[in-house]
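Dropping my_file_31.cif in here (mmCIF, C-alpha atoms):
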```cif
data_input
loop_
_atom_site.label_atom_id
_atom_site.label_comp_id
_atom_site.auth_asym_id
_atom_site.auth_seq_id
_atom_site.Cartn_x
_atom_site.Cartn_y
_atom_site.Cartn_z
CA MET A 1 -6.90 -10.72 15.31
CA SER A 2 -4.48 -12.61 17.54
CA HIS A 3 -0.90 -12.09 16.48
CA ARG A 4 2.63 -13.17 17.33
CA LYS A 5 5.36 -10.58 17.15
CA ILE A 6 8.61 -11.94 15.80
CA PHE A 7 11.85 -10.01 15.27
CA LEU A 8 12.84 -10.08 11.61
CA ALA A 9 16.46 -10.96 12.29
CA THR A 10 17.31 -11.96 8.75
CA LEU A 11 15.60 -8.99 7.14
CA THR A 12 17.06 -6.58 9.67
CA LEU A 13 20.61 -7.81 8.99
CA ALA A 14 19.99 -7.60 5.26
CA ALA A 15 18.54 -4.11 5.63
CA ALA A 16 21.54 -2.97 7.63
CA SER A 17 23.88 -4.27 4.95
CA LEU A 18 21.89 -2.61 2.19
CA ALA A 19 21.73 0.66 4.08
CA VAL A 20 25.53 0.86 4.00
CA GLY A 21 25.41 0.99 0.23
CA ALA A 22 22.50 3.41 0.36
CA SER A 23 24.42 5.83 2.56
CA GLN A 24 26.87 6.42 -0.27
CA SER A 25 24.45 8.90 -1.87
CA ALA A 26 22.72 6.84 -4.56
CA VAL A 27 22.54 8.65 -7.89
CA SER A 28 20.03 7.94 -10.67
CA GLN A 29 19.22 9.35 -14.09
CA PRO A 30 16.00 11.34 -14.43
CA ALA A 31 13.47 10.18 -17.00
CA SER A 32 14.25 13.14 -19.27
CA GLY A 33 17.76 11.84 -19.88
CA GLY A 34 19.21 15.10 -18.51
CA PRO A 35 22.07 15.42 -16.01
CA ALA A 36 22.22 13.06 -13.06
CA ALA A 37 20.33 14.18 -9.98
CA GLU A 38 21.13 13.26 -6.41
CA ALA A 39 18.49 10.83 -5.17
CA ALA A 40 16.47 11.67 -2.08
CA ASP A 41 17.06 9.57 1.02
CA LEU A 42 13.93 7.53 1.75
CA ASN A 43 15.68 5.18 4.20
CA GLY A 44 14.08 4.81 7.60
CA PHE A 45 10.90 3.85 9.42
CA TRP A 46 7.45 5.22 8.60
CA THR A 47 3.96 4.61 9.98
CA HIS A 48 0.30 5.57 9.86
CA GLY A 49 -2.88 4.35 11.50
CA PHE A 50 -5.68 2.31 9.97
CA SER A 51 -6.62 3.75 6.60
CA LEU A 52 -9.85 5.70 6.29
CA GLY A 53 -9.47 5.97 2.54
CA PHE A 54 -7.02 7.81 0.30
CA ASP A 55 -6.99 11.60 0.15
CA PRO A 56 -7.86 13.37 -3.11
CA PRO A 57 -5.30 15.55 -4.94
CA PRO A 58 -5.35 19.07 -3.44
CA GLU A 59 -5.51 20.68 -6.88
CA GLY A 60 -8.78 18.87 -7.64
CA GLY A 61 -9.59 16.52 -10.49
CA PRO A 62 -10.64 12.85 -10.48
CA GLY A 63 -9.95 11.36 -7.07
CA PRO A 64 -10.37 8.12 -5.12
CA VAL A 65 -13.55 6.57 -3.75
CA HIS A 66 -14.26 7.93 -0.28
CA ASP A 67 -16.68 7.29 2.58
CA ILE A 68 -19.96 9.22 2.70
CA LYS A 69 -18.92 10.21 6.23
CA THR A 70 -16.17 12.70 7.00
CA LYS A 71 -12.88 11.36 8.33
CA ALA A 72 -13.61 13.04 11.67
CA GLN A 73 -16.89 11.10 11.88
CA MET A 74 -15.09 7.89 10.93
CA ARG A 75 -12.42 8.38 13.63
CA ALA A 76 -15.14 9.03 16.22
CA MET A 77 -16.64 5.59 15.49
CA GLY A 78 -13.35 3.92 16.47
CA GLN A 79 -13.47 0.13 16.42
CA PHE A 80 -17.16 0.26 15.48
CA LEU A 81 -16.43 1.96 12.16
CA VAL A 82 -18.63 0.85 9.28
CA HIS A 83 -17.37 1.76 5.82
CA GLU A 84 -20.02 3.30 3.56
CA ALA A 85 -18.40 4.04 0.23
CA ASP A 86 -19.68 6.70 -2.14
CA ALA A 87 -20.46 4.57 -5.17
CA SER A 88 -21.52 7.63 -7.18
CA ASN A 89 -17.90 8.65 -7.82
CA PRO A 90 -17.76 9.31 -11.59
CA ILE A 91 -14.45 7.42 -11.96
CA LEU A 92 -16.34 4.14 -11.53
CA GLN A 93 -17.67 1.98 -14.32
CA PRO A 94 -21.12 0.55 -13.48
CA TRP A 95 -19.84 -2.92 -12.57
CA ALA A 96 -17.19 -1.45 -10.26
CA ALA A 97 -19.77 0.76 -8.55
CA ALA A 98 -21.96 -2.33 -8.03
CA GLU A 99 -19.08 -4.15 -6.31
CA ILE A 100 -18.56 -1.25 -3.92
CA LYS A 101 -22.28 -1.09 -3.12
CA LYS A 102 -22.32 -4.83 -2.38
CA ALA A 103 -19.43 -4.50 0.06
CA SER A 104 -20.96 -1.49 1.84
CA GLU A 105 -24.36 -3.17 2.18
CA ALA A 106 -22.76 -6.33 3.57
CA GLU A 107 -20.87 -4.27 6.16
CA LYS A 108 -24.02 -2.46 7.26
CA ARG A 109 -25.71 -5.86 7.74
CA GLY A 110 -22.87 -6.97 10.01
CA ALA A 111 -21.53 -9.40 7.40
CA ARG A 112 -18.44 -7.47 6.40
CA ILE A 113 -16.39 -8.91 3.54
CA PRO A 114 -12.83 -9.37 4.88
CA SER A 115 -10.04 -7.51 3.17
CA LYS A 116 -7.17 -9.36 1.52
CA GLN A 117 -4.93 -8.22 4.36
CA GLU A 118 -7.21 -9.81 6.94
CA ILE A 119 -7.10 -13.23 5.31
CA CYS A 120 -3.36 -13.31 4.64
CA PHE A 121 -3.25 -12.43 0.95
CA PRO A 122 -0.92 -9.80 -0.56
CA SER A 123 -2.54 -6.39 -0.94
CA GLY A 124 -1.72 -5.28 -4.47
CA VAL A 125 -1.11 -1.72 -5.66
CA PRO A 126 -2.11 0.89 -4.56
CA ASN A 127 -3.92 -0.96 -1.77
CA TYR A 128 -0.49 -1.69 -0.28
CA TRP A 129 -0.46 1.85 1.07
CA THR A 130 -3.48 1.20 3.30
CA HIS A 131 -1.35 -1.03 5.56
CA PRO A 132 -1.34 0.25 9.13
CA LEU A 133 1.63 0.24 11.49
CA LEU A 134 5.34 0.20 10.76
CA MET A 135 7.09 0.16 7.38
CA GLN A 136 10.84 0.27 6.73
CA ILE A 137 12.34 1.58 3.50
CA VAL A 138 15.75 0.33 2.41
CA GLN A 139 17.24 2.25 -0.52
CA THR A 140 20.33 1.43 -2.59
CA LYS A 141 21.59 2.60 -5.97
CA ASP A 142 19.90 -0.40 -7.63
CA TYR A 143 16.57 -0.74 -5.89
CA VAL A 144 14.22 0.45 -3.15
CA VAL A 145 12.66 -2.14 -0.84
CA PHE A 146 9.52 -1.59 1.22
CA LEU A 147 9.41 -3.92 4.26
CA HIS A 148 6.15 -3.91 6.17
CA ALA A 149 5.46 -5.16 9.69
CA ARG A 150 2.03 -6.25 8.51
CA ASP A 151 1.75 -9.80 7.22
CA HIS A 152 5.12 -10.34 5.48
CA GLN A 153 4.32 -7.68 2.90
CA ILE A 154 7.51 -6.92 0.94
CA ARG A 155 7.72 -4.91 -2.26
CA ILE A 156 10.81 -4.32 -4.43
CA VAL A 157 11.24 -1.48 -6.92
CA HIS A 158 14.14 -1.88 -9.37
CA LEU A 159 15.81 1.41 -10.28
CA ASN A 160 16.77 2.59 -13.75
CA LYS A 161 15.67 -0.59 -15.49
CA PRO A 162 12.95 -1.24 -18.09
CA HIS A 163 9.94 -3.41 -17.38
CA VAL A 164 10.33 -7.11 -18.07
CA ALA A 165 8.71 -8.15 -21.34
CA ASN A 166 5.13 -9.42 -20.98
CA PRO A 167 5.12 -9.85 -17.17
CA GLN A 168 2.89 -12.57 -15.78
CA PRO A 169 0.11 -10.98 -13.70
CA SER A 170 1.06 -11.09 -10.01
CA TRP A 171 0.04 -9.55 -6.68
CA TYR A 172 2.56 -6.68 -6.86
CA GLY A 173 3.24 -6.71 -10.57
CA ASP A 174 6.48 -5.45 -12.10
CA SER A 175 7.68 -2.19 -10.52
CA VAL A 176 10.52 -0.08 -11.91
CA GLY A 177 11.56 3.34 -10.74
CA HIS A 178 13.84 6.33 -11.07
CA PHE A 179 14.44 9.55 -9.16
CA GLU A 180 13.31 12.95 -10.38
CA GLY A 181 15.00 15.31 -7.95
CA ASP A 182 13.67 14.51 -4.48
CA THR A 183 10.93 12.19 -5.76
CA LEU A 184 10.97 8.44 -6.41
CA VAL A 185 8.79 7.74 -9.44
CA VAL A 186 7.54 4.14 -9.61
CA ASP A 187 5.81 2.61 -12.64
CA THR A 188 3.91 -0.66 -12.04
CA ILE A 189 2.28 -2.98 -14.58
CA GLY A 190 1.52 -6.71 -14.66
CA LEU A 191 -0.88 -6.69 -11.68
CA ASN A 192 -3.45 -9.43 -11.26
CA ASP A 193 -7.11 -8.61 -10.60
CA LYS A 194 -7.38 -10.35 -7.21
CA THR A 195 -7.02 -7.29 -5.00
CA PRO A 196 -9.04 -4.12 -4.37
CA VAL A 197 -7.41 -0.73 -4.76
CA ASP A 198 -8.57 0.56 -1.36
CA VAL A 199 -10.40 -0.19 1.91
CA PHE A 200 -13.79 0.07 0.17
CA HIS A 201 -13.26 -3.02 -2.00
CA THR A 202 -13.00 -0.93 -5.16
CA PRO A 203 -12.04 -3.48 -7.84
CA HIS A 204 -9.57 -3.26 -10.69
CA THR A 205 -8.62 -5.46 -13.64
CA ALA A 206 -5.36 -6.83 -15.00
CA LYS A 207 -5.20 -3.75 -17.24
CA GLU A 208 -4.32 -1.61 -14.23
CA HIS A 209 -1.29 0.66 -14.55
CA VAL A 210 -0.12 2.62 -11.49
CA VAL A 211 2.41 5.47 -11.32
CA GLU A 212 3.53 6.49 -7.82
CA ARG A 213 5.49 9.59 -6.80
CA ILE A 214 7.05 9.16 -3.36
CA ARG A 215 8.95 11.87 -1.49
CA VAL A 216 9.85 13.12 1.98
CA VAL A 217 8.04 16.31 3.02
CA ARG A 218 8.16 18.35 6.20
CA GLY A 219 5.13 19.01 8.39
CA SER A 220 4.33 22.41 9.91
CA GLY A 221 6.35 21.46 13.00
CA GLY A 222 9.36 20.31 11.01
CA ASP A 223 8.48 16.62 11.40
CA LYS A 224 9.25 14.25 8.51
CA ASN A 225 6.41 12.77 6.48
CA LEU A 226 6.42 10.38 3.54
CA GLU A 227 4.00 11.52 0.85
CA VAL A 228 2.79 8.85 -1.57
CA ARG A 229 0.96 10.30 -4.55
CA PHE A 230 -0.28 7.79 -7.12
CA THR A 231 -2.28 7.76 -10.33
CA VAL A 232 -4.33 4.75 -11.41
CA ASP A 233 -5.23 4.04 -15.02
CA ASP A 234 -7.44 1.02 -15.69
CA PRO A 235 -9.83 1.14 -18.67
CA GLY A 236 -11.36 -2.12 -17.47
CA ALA A 237 -12.71 -0.68 -14.20
CA PHE A 238 -12.58 3.11 -14.36
CA THR A 239 -13.93 5.75 -16.71
CA ILE A 240 -10.87 7.96 -16.34
CA SER A 241 -7.45 7.99 -14.68
CA TRP A 242 -7.58 9.21 -11.09
CA THR A 243 -5.15 10.26 -8.36
CA GLY A 244 -4.94 9.56 -4.64
CA ILE A 245 -2.58 10.44 -1.79
CA GLU A 246 -1.49 8.61 1.37
CA THR A 247 0.83 10.05 4.01
CA TYR A 248 3.11 8.25 6.48
CA ARG A 249 4.77 9.86 9.49
CA GLY A 250 8.46 9.44 10.21
CA VAL A 251 9.19 7.30 13.28
CA GLY A 252 11.59 8.64 15.89
CA GLY A 253 13.48 11.91 16.00
CA PRO A 254 12.14 15.32 17.07
CA GLY A 255 8.39 15.34 16.65
CA GLY A 256 8.49 11.83 15.20
CA ALA A 257 5.79 9.20 15.54
CA VAL A 258 5.86 6.28 17.97
CA ASP A 259 4.84 2.92 16.53
CA PRO A 260 3.55 0.04 18.70
CA VAL A 261 5.41 -2.63 16.70
CA GLY A 262 8.78 -1.03 16.23
CA GLY A 263 11.48 1.07 17.77
CA GLY A 264 15.21 1.24 18.22
CA ASP A 265 15.78 0.63 14.50
CA VAL A 266 14.19 -2.82 14.76
CA LEU A 267 11.31 -3.91 12.56
CA GLN A 268 8.98 -6.37 14.21
CA GLU A 269 6.36 -8.42 12.46
CA GLU A 270 2.65 -8.95 12.81
CA VAL A 271 2.10 -12.48 11.53
CA CYS A 272 -0.99 -13.64 9.67
CA ALA A 273 -0.58 -17.39 10.04
CA GLU A 274 -1.35 -20.49 12.10
CA ASN A 275 -5.11 -20.28 11.71
CA ASN A 276 -5.44 -16.80 13.22
CA ARG A 277 -8.88 -15.23 13.38
CA ALA A 278 -10.10 -11.63 13.36
CA ILE A 279 -12.92 -10.66 15.68
CA GLY A 280 -16.19 -10.17 13.83
CA ILE A 281 -15.02 -11.67 10.56
CA PRO A 282 -16.33 -15.08 9.39
CA ASP A 283 -13.80 -17.89 9.29
CA VAL A 284 -11.96 -17.93 5.99
CA ALA A 285 -9.40 -20.56 5.04
CA ILE A 286 -5.83 -19.28 5.25
CA PRO A 287 -4.14 -19.60 1.82
CA THR A 288 -1.06 -21.71 1.31
CA GLU A 289 1.67 -21.42 -1.28
CA THR A 290 0.38 -24.53 -3.06
CA SER A 291 -3.21 -23.31 -3.15
CA SER A 292 -4.48 -22.32 -6.60
CA ARG A 293 -6.24 -19.36 -4.92
CA PHE A 294 -2.92 -17.99 -3.74
CA ARG A 295 -1.29 -17.83 -7.15
#
```
Would you write out, as structure tokens, the structure that this file holds?
Amino acid sequence: MSHRKIFLATLTLAAASLAVGASQSAVSQPASGGPAAEAADLNGFWTHGFSLGFDPPPEGGPGPVHDIKTKAQMRAMGQFLVHEADASNPILQPWAAAEIKKASEAEKRGARIPSKQEICFPSGVPNYWTHPLLMQIVQTKDYVVFLHARDHQIRIVHLNKPHVANPQPSWYGDSVGHFEGDTLVVDTIGLNDKTPVDVFHTPHTAKEHVVERIRVVRGSGGDKNLEVRFTVDDPGAFTISWTGIETYRGVGGPGGAVDPVGGGDVLQEEVCAENNRAIGIPDVAIPTETSSRFR
């Protein structure tokens, strides 16, 4: 895909202003109603490569759809990777399994169905976490904002507030959160059914409810990682609730990652606009804000 890189001047200034408030040690009430706990500091830049599918929970139990190949085999294929989802995962209702099979068969024929990201639509939850490249987190006492270099993707989590009543289904739904010790717990409802949950085109319905637990963890070498653990409940698409994990690496610092679209505390942007095209993907009309397909 051909892309322009544009400095997000406005967002960067806003992020800097918000970070000042965040540096004053935001405090939130845990869900139990117990004593206040000091919130973890999620501020900063985080990145990972192109998603090969979510990881399952290490303790076992119902997990995400995965490729029939190992991740090592997938990485070895590089740019010629063909996703072949395991549609026999018992979390899937029959119609959802059929959707995954259709997408895998199309990809093997060389007629891959483009992802929402590739045709400029928002990604939904938890598919948001498959975004490659740089992400900035801006945290204050009132909310946490996720700013992504990829395609204007911005997500806001309001802290210590209830859900709005009867939210209209939308791409990112209604997300509210609170801190439990070092972990940001995010509860999201009100999602539309226009996005997949992963890179395998696994569908969901408007009944989807997602709970994410986000925290900073240290790697074996002391490097910072952002662990995103989420649980999906959707009686319209899945037979049971299931859990997946995605991990981002911290950018900069000792042992930190280097990202091709960021550095020096500046978030750049990969723009999906102006009739861009991705190599190997059929031409698809770019949505506009007035298009009924976009809403």
Next on the checklist: One decimal, in Å: what's the spacing between CA of Asp198 (chain A) and CA of Ser220 (chain A)?
Outcome noted: 27.8 Å
Item to check | Long-range neighbours of Arg229 (chain A) as JSON, numbers by chain, 10 Å cut-off, only C-alpha atoms, 6 positions minimum in chain | outcome: {"A": [54, 55, 56, 57, 126, 185, 211, 212, 213, 214, 215, 243, 244, 245, 246, 247]}
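With only C-alpha atoms as the atoms that count, the minimum distance from Gly236 (chain A) to the choices A:Val251, A:Ala96, A:Leu52, A:Leu147 is reached by A:Ala96.
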Checklist entry - Which polymer residues have any atom within 8 Å of an atom of region 105-116 of chain A, counting only C-alpha atoms, with same-chain residues fewer than 2 positions away left out, as JSON, numbers by chain? => result {"A": [82, 83, 84, 101, 102, 103, 118, 119, 120, 121, 122, 123, 195, 199, 201, 281, 282]}
Next on the checklist: List the spatial neighbours of Gly190 (chain A) as a list in words - criterion: any atom at most 9 Å away, all atoms listed in the file, same-chain residues fewer than 3 positions off excluded.
Outcome noted: Asn166, Pro167, Gln168, Pro169, Ser170, Trp171, Tyr172, Gly173, Asp174, Ser175, Ala206, Lys207, Glu208 and His209 of chain A
Next on the checklist: Could you tell me, as a PyMOL selection string, exactly which residues end up selected when the PyMOL selection byres ((chain A and resi 86) around 8) is applied to this structure?
Outcome noted: chain A and resi 65-68+84-85+87-89
Checklist outcome for this item: Students should find that CA of Asn160 (chain A) and CA of Asn43 (chain A) are spaced 18.2 Å
